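Below is one structure, written out as structure tokens; comments come after it.
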Amino acid sequence: WNTCYNCMNLFCYDCHDENDQDYLNFCQKCERDYCLDCYKTGQCEHCFREFCTGCESLKGCQNCGHMYCQDCDLMNKCACWDTECCIKCNNAPWYTHCQNDGCNRSHCCNCSGSDDPTVDMCEYCKRVFCEECRVVECRKNNWNGSCSGCLDLIAKTIPRQAKEIEKLRREIDDLKKNQLQL
């Protein structure tokens, strides 16, 4: 027997509701027991810890519905859609990932045909990188060993990057002008 921390009712750990869910659940963050009437709990589908809704708001994958706690935050955003999906869905064949260790940039197949994909595969060397990681990888050894396909992919991004740099320069100039007026 144990007591719900909120309503102080006594329950046994064998009590189940009509859906065969445990009626009393232990939150592994605040280390308290709660009945289903007081707090709903959720389980992280990666670490399998259970949390009450007062302690942890689990993030749900918009694609498959899997729930993850903040400690196991396995959600990735598609670069072009602003949707989040879990790492299980993100590892599905319809996502393209940067192959650089430590980089989590990826995008869905709907974006791969766009004019400006975040992650792209080189047609010659078949390596898959995001723009930033491709530049870093190609700059190793002073650009020696970089294939022409990778260099072409980098060159395609220069006009867009130049526009972004110009926009940033104007914003900085405006900030400087505003500071001088103060």
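Within each chain, counting starts at residue 1; across the structure tokens, chains are named A, B, ... in the order shown, with ligands numbered 1 upward in that order.
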Report task. Return as JSON, numbers by chain the full set of residues in chain A whose backbone-based DSSP assignment is strand (DSSP E). Result -> {"A": [2, 3, 10, 11, 24, 25, 26, 27, 32, 33, 34, 35, 41, 42, 43, 50, 51, 52, 59, 60, 67, 68, 75, 76, 77, 84, 85, 86, 95, 96, 97, 106, 107, 108, 119, 120, 121, 128, 129, 130]}
Requested in this report: Show which residues sit within 9 Å of Gln43 (chain A), as a PyMOL selection string. Count only C-alpha atoms, and ignore same-chain residues fewer than 2 positions away.
Outcome: chain A and resi 41+45-52+58+67-69
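Between CA of Asp173 (chain A) and CA of Ile154 (chain A) there is a distance of 28.0 Å.
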Query - Selection near Asp101 (chain A), 12 Å with only C-alpha atoms, sequence-local residues under 4 positions removed, as a PyMOL selection string - result: chain A and resi 97+105+128-130+133+137
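Counting from CA of Tyr124 (chain A), the distance to CA of Asn100 (chain A) is 17.7 Å.
Among A:Lys156, A:His66, A:Lys163, A:Lys176, the residue with the shortest atom-to-atom distance to Glu131 (chain A), counting only C-alpha atoms, is A:Lys156.
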Requested in this report: For Phe11 (chain A), list every protein, DNA or RNA residue within 8 Å, evaluated using only C-alpha atoms, and leave out those in the same chain fewer than 4 positions away; present the list as number ranges by chain.
Outcome: A: 1-4, 15, 23-24
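Among the candidate residues A:Gln70, A:Glu132, A:Arg169, A:Trp143, the one lying nearest to Gln99 (chain A) is A:Glu132, with distances computed using only C-alpha atoms.
Atom to atom, CA of Gly102 (chain A) and CA of Ala162 (chain A) stand 26.4 Å apart.
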What's around Asn25 (chain A) at 7 Å? Count only C-alpha atoms, leave out sequence neighbours fewer than 4 positions away in its own chain, and write the answer as a PDB file with N, CA and C atoms, in the first residue's frame.
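The new file out35.pdb reads:
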ATOM      1  N   ASP A  33       4.537   9.399  -5.269  1.00  0.00           N
ATOM      2  CA  ASP A  33       3.491   8.593  -5.896  1.00  0.00           C
ATOM      3  C   ASP A  33       2.271   9.456  -6.154  1.00  0.00           C
ATOM      4  N   TYR A  34       1.663   9.274  -7.321  1.00  0.00           N
ATOM      5  CA  TYR A  34       0.439   9.982  -7.676  1.00  0.00           C
ATOM      6  C   TYR A  34      -0.557   8.996  -8.263  1.00  0.00           C
ATOM      7  N   CYS A  35      -1.825   9.189  -7.907  1.00  0.00           N
ATOM      8  CA  CYS A  35      -2.857   8.368  -8.531  1.00  0.00           C
ATOM      9  C   CYS A  35      -3.244   9.004  -9.867  1.00  0.00           C
TER      10      CYS A  35
END
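Here the question is which of A:Asn142, A:Gln181, A:Ser148, A:Gln28 gets nearest to Lys126 (chain A) using only C-alpha atoms, and that residue is A:Ser148.
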Query raised in the report: If you run DSSP on this backbone, which residues of region 6-170 of chain A come out as helix (DSSP H, G or I), and could you give them as a count of residues only?
Result: 44
Report task. Tell me which protein, DNA and RNA residues are within 12 Å of Asp152 (chain A), counting only C-alpha atoms, leaving out same-chain ones fewer than 5 positions away, and put them as a list in words. Result -> Asp120, Met121, Cys122, Glu123, Tyr124, Glu131, Arg134, Val135, Cys138, Ser146, Cys147, Thr157 and Ile158 of chain A
Saved selection, atoms kept: N, CA and C atoms, as a compact mmCIF listing (two decimals), in the first residue's frame:
# COMPACT_ATOMS: atom_id res chain seq x y z
N ASP A 120 23.21 17.79 -48.29
CA ASP A 120 23.20 17.34 -49.67
C ASP A 120 24.28 16.28 -49.88
N MET A 121 24.03 15.37 -50.81
CA MET A 121 25.01 14.35 -51.16
C MET A 121 25.74 14.79 -52.42
N CYS A 122 27.05 14.69 -52.39
CA CYS A 122 27.86 15.01 -53.55
C CYS A 122 27.69 13.88 -54.57
N GLU A 123 27.44 14.25 -55.81
CA GLU A 123 27.23 13.25 -56.86
C GLU A 123 28.50 12.47 -57.18
N TYR A 124 29.68 13.06 -56.90
CA TYR A 124 30.95 12.41 -57.26
C TYR A 124 31.48 11.52 -56.13
N GLU A 131 26.03 22.31 -45.26
CA GLU A 131 26.92 23.31 -45.87
C GLU A 131 28.16 23.58 -45.03
N ARG A 134 30.57 20.58 -44.84
CA ARG A 134 31.24 20.35 -46.12
C ARG A 134 32.43 21.31 -46.28
N VAL A 135 32.24 22.58 -45.91
CA VAL A 135 33.34 23.55 -46.00
C VAL A 135 34.47 23.13 -45.07
N CYS A 138 36.23 20.05 -46.52
CA CYS A 138 37.02 20.36 -47.72
C CYS A 138 38.23 21.24 -47.42
N SER A 146 39.80 17.68 -52.14
CA SER A 146 38.38 17.99 -52.27
C SER A 146 37.94 17.69 -53.70
N CYS A 147 36.85 16.99 -53.84
CA CYS A 147 36.38 16.66 -55.18
C CYS A 147 35.66 17.86 -55.80
N THR A 157 26.37 27.92 -52.68
CA THR A 157 25.86 28.59 -51.47
C THR A 157 26.40 30.01 -51.31
N ILE A 158 27.43 30.36 -52.05
CA ILE A 158 28.09 31.66 -51.86
C ILE A 158 27.15 32.84 -52.10
